[in-house]
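J.: Would you mind keeping the following structure in view while I ask a few things?
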Amino acid sequence: MILPKHAWPKTKIYSPADAVRRRILFLDFDGVLNNKRWFASQLRAGRTCTDFDPRNMGHLKSIVQRLPDLQVVVSSSWRHGRTVAELGQLLARAVPPEQVLDKIPKLLSQMRGEEIKQWLIEWGLRELILPCNIRFAALDDDIFDMNAVRDNFFRTDARYGLTRKIADAVVRHLRRAHDGAETLHV
């Protein structure tokens with residue numbers, strides 16, 4: 001069941017058992033849903049790069065289809081100047097707009113991992129930021145600013161974007177979380 005934003009009050013701290021039932025994907029766009037090859041092909045064809053690579057979108061769609069209760073939070077710089085509804089429309093070929101839950105805040109540090117961590121705190125999901133927790137995944141091509149969420153981070157290669165191999169790894173990761181595993185034992 002997909003819970004609308006109003007059902008997750010920011011002031012309530014959810015229990016770990018409640019949070020386990022939610023799957024959250026923090027999603028970057030550049031280097032994940034589009035890639036250097038896609039950009040080059042669009043420029044050669046005389047088009048602007050305002051759309052996403054259909055292959056990358058197909059892999060995102062496969063994640064959403066296999067995890068129908070998934071909630072997407074946009075972590076991309078594309079979030080600036082756009083509403084959540086507008087971001088949902090951009091992703092509509094792969095993610096039903098009602099599953100685009102929110103976008104992360106912009107912090108002065110501009111460290112995306114810290115922005116994701118702040119979003120979790122603001123939404124009352126503080127327990128998700130424990131070091132080995134696996135209740136969320138973050139997809140991005142940049143690793144330098146993701147230290148705060150490193151145990152939940154999946155890096156794409158900007159040359160190719162989201163691949164089937166990475167999509168499968170994200171699904172496995174989020175299924176483990178949903179099936180009751182609260183932490184990875186390392």
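Chain identifiers are assigned as A, B, and so on, following the order in which chains appear in the structure tokens; residues are numbered from 1 within each chain, and ligands are numbered from 1 in order of appearance.
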Taking only C-alpha atoms into account, produce a table as CSV in which each residue of segment 120-172 of chain A with an atom at most 12 Å from an atom of segment 35-45 of chain A appears once, together with its shortest atom pair and the distance in Å to one decimal, ordered by chain and rising number.
T.:
residue,atom,partner,partner_atom,distance
A:Asp140,CA,A:Asn35,CA,11.6
A:Asp141,CA,A:Asn35,CA,9.7
A:Thr156,CA,A:Asn35,CA,9.6
A:Asp157,CA,A:Asn35,CA,8.1
A:Ala158,CA,A:Asn35,CA,5.2
A:Arg159,CA,A:Lys36,CA,4.8
A:Tyr160,CA,A:Asn35,CA,5.3
A:Gly161,CA,A:Asn35,CA,5.1
A:Leu162,CA,A:Asn35,CA,8.6
A:Thr163,CA,A:Asn35,CA,10.9
J.: Kindly export the residues of the current selection with N, CA and C atoms, as a compact mmCIF listing (two decimals), in the first residue's frame.
T.:
# COMPACT_ATOMS: atom_id res chain seq x y z
N ASP A 140 22.87 7.14 -7.49
CA ASP A 140 23.57 8.36 -7.92
C ASP A 140 24.84 7.94 -8.64
N ASP A 141 25.35 8.81 -9.49
CA ASP A 141 26.63 8.53 -10.16
C ASP A 141 27.81 9.18 -9.45
N THR A 156 26.02 4.46 -10.08
CA THR A 156 25.96 4.18 -11.51
C THR A 156 27.18 4.81 -12.17
N ASP A 157 27.48 4.36 -13.36
CA ASP A 157 28.55 4.93 -14.17
C ASP A 157 27.90 5.94 -15.11
N ALA A 158 28.35 7.18 -15.06
CA ALA A 158 27.74 8.25 -15.87
C ALA A 158 27.79 7.96 -17.36
N ARG A 159 28.68 7.08 -17.79
CA ARG A 159 28.74 6.73 -19.22
C ARG A 159 27.54 5.90 -19.65
N TYR A 160 26.96 5.13 -18.71
CA TYR A 160 25.89 4.20 -19.06
C TYR A 160 24.58 4.45 -18.31
N GLY A 161 24.64 5.07 -17.14
CA GLY A 161 23.45 5.27 -16.34
C GLY A 161 23.03 3.99 -15.63
N LEU A 162 21.77 3.93 -15.28
CA LEU A 162 21.22 2.78 -14.55
C LEU A 162 21.22 1.56 -15.45
N THR A 163 21.82 0.48 -14.97
CA THR A 163 21.88 -0.78 -15.72
C THR A 163 20.99 -1.82 -15.05
J.: Measure the distance from atom CA of Ile116 of chain A to atom CA of Gly81 of chain A in Å and round it to one decimal.
T.: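 These atoms are spaced 18.1 Å apart.
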J.: List the neighbours of segment 94-107 of chain A out to 7 Å using only C-alpha atoms; skip same-chain residues closer than 4 positions along the sequence, and give me the result as a PyMOL selection string.
T.: chain A and resi 5+57-58+60-61+64+70-75+79+84+88-89+115-116+119
J.: Okay, now the selection with all heavy atoms, as a compact mmCIF listing (two decimals), in the first residue's frame?
T.:
# COMPACT_ATOMS: atom_id res chain seq x y z
N LYS A 5 1.76 11.50 1.27
CA LYS A 5 2.63 12.31 2.12
C LYS A 5 1.93 12.71 3.41
O LYS A 5 2.54 12.68 4.48
CB LYS A 5 3.09 13.54 1.34
CG LYS A 5 4.09 14.38 2.09
CD LYS A 5 4.61 15.48 1.19
CE LYS A 5 5.66 16.29 1.88
NZ LYS A 5 6.28 17.25 1.01
N MET A 57 15.40 4.42 -18.23
CA MET A 57 14.03 4.50 -17.71
C MET A 57 13.40 3.11 -17.60
O MET A 57 12.65 2.83 -16.67
CB MET A 57 13.17 5.40 -18.60
CG MET A 57 13.51 6.87 -18.48
SD MET A 57 13.16 7.55 -16.84
CE MET A 57 11.40 7.84 -16.99
N GLY A 58 13.73 2.23 -18.54
CA GLY A 58 13.23 0.85 -18.48
C GLY A 58 13.73 0.12 -17.24
O GLY A 58 12.98 -0.63 -16.60
N LEU A 60 14.61 1.60 -14.41
CA LEU A 60 13.89 2.19 -13.28
C LEU A 60 12.48 1.61 -13.19
O LEU A 60 12.01 1.25 -12.11
CB LEU A 60 13.83 3.72 -13.40
CG LEU A 60 13.03 4.43 -12.31
CD1 LEU A 60 13.61 4.17 -10.92
CD2 LEU A 60 12.96 5.94 -12.61
N LYS A 61 11.83 1.49 -14.33
CA LYS A 61 10.47 0.92 -14.35
C LYS A 61 10.47 -0.51 -13.81
O LYS A 61 9.55 -0.91 -13.10
CB LYS A 61 9.91 0.96 -15.78
CG LYS A 61 8.47 0.53 -15.87
CD LYS A 61 7.92 0.74 -17.26
CE LYS A 61 6.45 0.44 -17.31
NZ LYS A 61 5.88 0.78 -18.61
N VAL A 64 10.43 -0.36 -10.06
CA VAL A 64 9.10 0.04 -9.58
C VAL A 64 8.11 -1.12 -9.72
O VAL A 64 7.30 -1.37 -8.81
CB VAL A 64 8.60 1.29 -10.32
CG1 VAL A 64 7.16 1.62 -9.98
CG2 VAL A 64 9.51 2.48 -10.01
N LEU A 70 7.11 0.95 -3.53
CA LEU A 70 8.25 1.85 -3.51
C LEU A 70 7.81 3.31 -3.56
O LEU A 70 6.88 3.66 -4.28
CB LEU A 70 9.15 1.57 -4.73
CG LEU A 70 10.43 2.38 -4.84
CD1 LEU A 70 11.44 1.91 -3.81
CD2 LEU A 70 11.01 2.23 -6.24
N GLN A 71 8.47 4.14 -2.77
CA GLN A 71 8.26 5.58 -2.79
C GLN A 71 9.55 6.22 -3.29
O GLN A 71 10.64 5.87 -2.80
CB GLN A 71 7.96 6.10 -1.39
CG GLN A 71 6.71 5.49 -0.77
CD GLN A 71 5.45 6.14 -1.28
OE1 GLN A 71 5.21 7.30 -1.07
NE2 GLN A 71 4.64 5.37 -1.99
N VAL A 72 9.47 7.11 -4.26
CA VAL A 72 10.64 7.78 -4.82
C VAL A 72 10.75 9.18 -4.25
O VAL A 72 9.77 9.93 -4.21
CB VAL A 72 10.56 7.82 -6.37
CG1 VAL A 72 11.70 8.64 -6.95
CG2 VAL A 72 10.57 6.41 -6.94
N VAL A 73 11.95 9.51 -3.81
CA VAL A 73 12.27 10.86 -3.36
C VAL A 73 13.37 11.36 -4.29
O VAL A 73 14.42 10.72 -4.42
CB VAL A 73 12.73 10.88 -1.89
CG1 VAL A 73 13.15 12.29 -1.48
CG2 VAL A 73 11.63 10.35 -0.98
N VAL A 74 13.13 12.47 -4.95
CA VAL A 74 14.09 12.99 -5.94
C VAL A 74 15.24 13.68 -5.21
O VAL A 74 15.03 14.59 -4.40
CB VAL A 74 13.40 13.95 -6.93
CG1 VAL A 74 14.42 14.55 -7.89
CG2 VAL A 74 12.31 13.19 -7.70
N SER A 75 16.46 13.22 -5.52
CA SER A 75 17.66 13.82 -4.94
C SER A 75 18.47 14.55 -6.00
O SER A 75 19.49 15.15 -5.70
CB SER A 75 18.51 12.74 -4.26
OG SER A 75 18.84 11.70 -5.17
N ARG A 79 15.63 18.85 -9.08
CA ARG A 79 14.56 19.19 -8.13
C ARG A 79 14.45 20.69 -7.90
O ARG A 79 13.39 21.18 -7.52
CB ARG A 79 14.80 18.47 -6.80
CG ARG A 79 15.95 19.02 -5.96
CD ARG A 79 16.27 18.11 -4.78
NE ARG A 79 17.20 18.67 -3.84
CZ ARG A 79 18.52 18.61 -3.94
NH1 ARG A 79 19.09 18.02 -4.98
NH2 ARG A 79 19.28 19.14 -3.00
N VAL A 84 7.10 18.78 -6.71
CA VAL A 84 7.09 17.32 -6.69
C VAL A 84 6.19 16.81 -7.82
O VAL A 84 6.52 15.82 -8.49
CB VAL A 84 6.62 16.80 -5.31
CG1 VAL A 84 6.44 15.29 -5.34
CG2 VAL A 84 7.62 17.21 -4.23
N GLY A 88 7.26 14.35 -10.77
CA GLY A 88 6.49 13.14 -11.04
C GLY A 88 6.15 12.99 -12.51
O GLY A 88 6.20 11.89 -13.07
N GLN A 89 5.83 14.10 -13.16
CA GLN A 89 5.53 14.05 -14.60
C GLN A 89 6.77 13.69 -15.41
O GLN A 89 6.68 12.97 -16.40
CB GLN A 89 4.94 15.39 -15.07
CG GLN A 89 3.53 15.62 -14.58
CD GLN A 89 2.60 14.48 -14.97
OE1 GLN A 89 2.53 14.05 -16.10
NE2 GLN A 89 1.89 13.96 -13.97
N GLU A 115 21.97 15.75 2.66
CA GLU A 115 20.61 16.19 2.33
C GLU A 115 19.62 15.03 2.47
O GLU A 115 18.51 15.21 2.96
CB GLU A 115 20.57 16.79 0.93
CG GLU A 115 21.33 18.10 0.82
CD GLU A 115 21.52 18.61 -0.59
OE1 GLU A 115 21.56 17.80 -1.55
OE2 GLU A 115 21.65 19.83 -0.74
N ILE A 116 20.04 13.84 2.06
CA ILE A 116 19.20 12.65 2.22
C ILE A 116 18.99 12.36 3.71
O ILE A 116 17.87 12.10 4.16
CB ILE A 116 19.81 11.44 1.49
CG1 ILE A 116 19.72 11.64 -0.03
CG2 ILE A 116 19.14 10.13 1.92
CD1 ILE A 116 20.50 10.63 -0.85
N TRP A 119 16.53 14.73 5.11
CA TRP A 119 15.16 14.38 4.71
C TRP A 119 14.62 13.28 5.63
O TRP A 119 13.48 13.36 6.09
CB TRP A 119 15.12 13.93 3.25
CG TRP A 119 13.73 13.66 2.76
CD1 TRP A 119 12.90 14.54 2.13
CD2 TRP A 119 12.98 12.44 2.89
NE1 TRP A 119 11.69 13.94 1.86
CE2 TRP A 119 11.72 12.65 2.30
CE3 TRP A 119 13.26 11.19 3.42
CZ2 TRP A 119 10.74 11.67 2.25
CZ3 TRP A 119 12.28 10.20 3.38
CH2 TRP A 119 11.04 10.44 2.80
J.: I want to know what sits within 12 Å of Arg155 of chain A, based on only C-alpha atoms, with residues of the same chain fewer than 6 positions away left out; could you give that as JSON, numbers by chain?
T.: {"A": [26, 27, 28, 31, 32, 137, 138, 139, 140, 141, 142, 143, 144, 145, 146, 149, 161, 162, 163, 165, 166, 167, 169, 170]}
J.: How about saving the chosen residues, C-alpha atoms kept, as a PDB file, in the first residue's frame?
T.:
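What landed in out03.pdb:
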ATOM      1  CA  PHE A  26      16.432   8.451  -3.433  1.00  0.00           C
ATOM      2  CA  LEU A  27      16.875   9.114  -7.136  1.00  0.00           C
ATOM      3  CA  ASP A  28      19.402  11.223  -9.017  1.00  0.00           C
ATOM      4  CA  GLY A  31      24.222   9.854 -14.763  1.00  0.00           C
ATOM      5  CA  VAL A  32      21.374   7.564 -13.637  1.00  0.00           C
ATOM      6  CA  ALA A 137      18.479   2.995  -1.378  1.00  0.00           C
ATOM      7  CA  ALA A 138      20.156   5.985  -2.990  1.00  0.00           C
ATOM      8  CA  LEU A 139      20.954   5.864  -6.723  1.00  0.00           C
ATOM      9  CA  ASP A 140      23.565   8.357  -7.923  1.00  0.00           C
ATOM     10  CA  ASP A 141      26.626   8.530 -10.157  1.00  0.00           C
ATOM     11  CA  ASP A 142      28.625  10.731  -7.765  1.00  0.00           C
ATOM     12  CA  ILE A 143      30.245   9.065  -4.790  1.00  0.00           C
ATOM     13  CA  PHE A 144      32.163  11.978  -3.296  1.00  0.00           C
ATOM     14  CA  ASP A 145      29.246  13.397  -1.308  1.00  0.00           C
ATOM     15  CA  MET A 146      27.395  10.203  -0.328  1.00  0.00           C
ATOM     16  CA  VAL A 149      24.347   7.085   3.304  1.00  0.00           C
ATOM     17  CA  GLY A 161      23.451   5.272 -16.343  1.00  0.00           C
ATOM     18  CA  LEU A 162      21.220   2.782 -14.553  1.00  0.00           C
ATOM     19  CA  THR A 163      21.884  -0.777 -15.721  1.00  0.00           C
ATOM     20  CA  LYS A 165      22.696  -5.242 -12.837  1.00  0.00           C
ATOM     21  CA  ILE A 166      22.396  -2.173 -10.590  1.00  0.00           C
ATOM     22  CA  ALA A 167      18.580  -2.260 -10.746  1.00  0.00           C
ATOM     23  CA  ALA A 169      20.997  -5.032  -6.737  1.00  0.00           C
ATOM     24  CA  VAL A 170      18.670  -2.222  -5.584  1.00  0.00           C
TER      25      VAL A 170
END
J.: Pull the helix (DSSP H, G or I) assignments for segment 45-119 of chain A out of DSSP run on the backbone, and list those residues as JSON, numbers by chain.
T.: {"A": [54, 55, 56, 57, 58, 59, 60, 61, 62, 63, 64, 65, 66, 77, 78, 79, 84, 85, 86, 87, 88, 89, 90, 97, 98, 99, 112, 113, 114, 115, 116, 117, 118, 119]}
J.: Export N, CA and C atoms of the chosen residues as a compact mmCIF listing (two decimals), in the first residue's frame?
T.:
# COMPACT_ATOMS: atom_id res chain seq x y z
N PRO A 54 15.71 5.96 -22.78
CA PRO A 54 14.67 4.94 -22.61
C PRO A 54 15.17 3.66 -21.94
N ARG A 55 16.43 3.28 -22.19
CA ARG A 55 16.98 2.08 -21.54
C ARG A 55 17.07 2.28 -20.03
N ASN A 56 17.61 3.43 -19.62
CA ASN A 56 17.72 3.72 -18.18
C ASN A 56 16.34 3.79 -17.54
N MET A 57 15.40 4.42 -18.23
CA MET A 57 14.03 4.50 -17.71
C MET A 57 13.40 3.11 -17.60
N GLY A 58 13.73 2.23 -18.54
CA GLY A 58 13.23 0.85 -18.48
C GLY A 58 13.73 0.12 -17.24
N HIS A 59 14.98 0.36 -16.89
CA HIS A 59 15.53 -0.28 -15.68
C HIS A 59 14.87 0.29 -14.42
N LEU A 60 14.61 1.60 -14.41
CA LEU A 60 13.89 2.19 -13.28
C LEU A 60 12.48 1.61 -13.19
N LYS A 61 11.83 1.49 -14.33
CA LYS A 61 10.47 0.92 -14.35
C LYS A 61 10.47 -0.51 -13.81
N SER A 62 11.52 -1.27 -14.11
CA SER A 62 11.59 -2.65 -13.61
C SER A 62 11.72 -2.67 -12.09
N ILE A 63 12.42 -1.70 -11.52
CA ILE A 63 12.51 -1.60 -10.06
C ILE A 63 11.12 -1.33 -9.49
N VAL A 64 10.43 -0.36 -10.06
CA VAL A 64 9.10 0.04 -9.58
C VAL A 64 8.11 -1.12 -9.72
N GLN A 65 8.17 -1.85 -10.82
CA GLN A 65 7.24 -2.96 -11.02
C GLN A 65 7.49 -4.09 -10.03
N ARG A 66 8.75 -4.33 -9.69
CA ARG A 66 9.07 -5.40 -8.75
C ARG A 66 8.86 -4.99 -7.29
N SER A 77 19.68 17.32 -8.86
CA SER A 77 19.67 18.79 -8.94
C SER A 77 18.48 19.27 -9.78
N TRP A 78 17.85 18.40 -10.55
CA TRP A 78 16.65 18.74 -11.30
C TRP A 78 15.51 19.14 -10.37
N ARG A 79 15.63 18.85 -9.08
CA ARG A 79 14.56 19.19 -8.13
C ARG A 79 14.45 20.69 -7.90
N VAL A 84 7.10 18.78 -6.71
CA VAL A 84 7.09 17.32 -6.69
C VAL A 84 6.19 16.81 -7.82
N ALA A 85 5.09 17.49 -8.09
CA ALA A 85 4.19 17.08 -9.18
C ALA A 85 4.90 17.17 -10.53
N GLU A 86 5.68 18.22 -10.75
CA GLU A 86 6.43 18.35 -12.00
C GLU A 86 7.48 17.26 -12.13
N LEU A 87 8.14 16.95 -11.03
CA LEU A 87 9.14 15.87 -11.05
C LEU A 87 8.45 14.53 -11.33
N GLY A 88 7.26 14.35 -10.77
CA GLY A 88 6.49 13.14 -11.04
C GLY A 88 6.15 12.99 -12.51
N GLN A 89 5.83 14.10 -13.16
CA GLN A 89 5.53 14.05 -14.60
C GLN A 89 6.77 13.69 -15.41
N LEU A 90 7.93 14.18 -15.00
CA LEU A 90 9.18 13.83 -15.70
C LEU A 90 9.46 12.33 -15.62
N PRO A 97 3.12 8.84 -10.97
CA PRO A 97 3.34 10.11 -10.26
C PRO A 97 2.99 10.08 -8.78
N GLU A 98 1.99 9.28 -8.39
CA GLU A 98 1.63 9.21 -6.97
C GLU A 98 2.71 8.52 -6.13
N GLN A 99 3.66 7.85 -6.77
CA GLN A 99 4.75 7.21 -6.04
C GLN A 99 5.97 8.13 -5.92
N ARG A 112 25.00 15.72 -0.99
CA ARG A 112 23.75 15.01 -1.23
C ARG A 112 23.45 13.97 -0.15
N GLY A 113 24.45 13.27 0.31
CA GLY A 113 24.23 12.30 1.38
C GLY A 113 23.69 12.96 2.64
N GLU A 114 24.21 14.13 2.97
CA GLU A 114 23.71 14.88 4.13
C GLU A 114 22.29 15.37 3.89
N GLU A 115 21.97 15.75 2.66
CA GLU A 115 20.61 16.19 2.33
C GLU A 115 19.62 15.03 2.47
N ILE A 116 20.04 13.84 2.06
CA ILE A 116 19.20 12.65 2.22
C ILE A 116 18.99 12.36 3.71
N LYS A 117 20.07 12.41 4.46
CA LYS A 117 19.99 12.19 5.90
C LYS A 117 19.04 13.20 6.55
N GLN A 118 19.12 14.46 6.15
CA GLN A 118 18.23 15.49 6.69
C GLN A 118 16.77 15.19 6.33
N TRP A 119 16.53 14.73 5.11
CA TRP A 119 15.16 14.38 4.71
C TRP A 119 14.62 13.28 5.63
J.: Quick one: of A:Arg22, A:Ile121, A:Arg175, A:Asp51, who's nearest to Asp69 of chain A, counting only C-alpha atoms?
T.: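 When distances to Asp69 of chain A are compared using only C-alpha atoms, the smallest one comes from A:Arg22.
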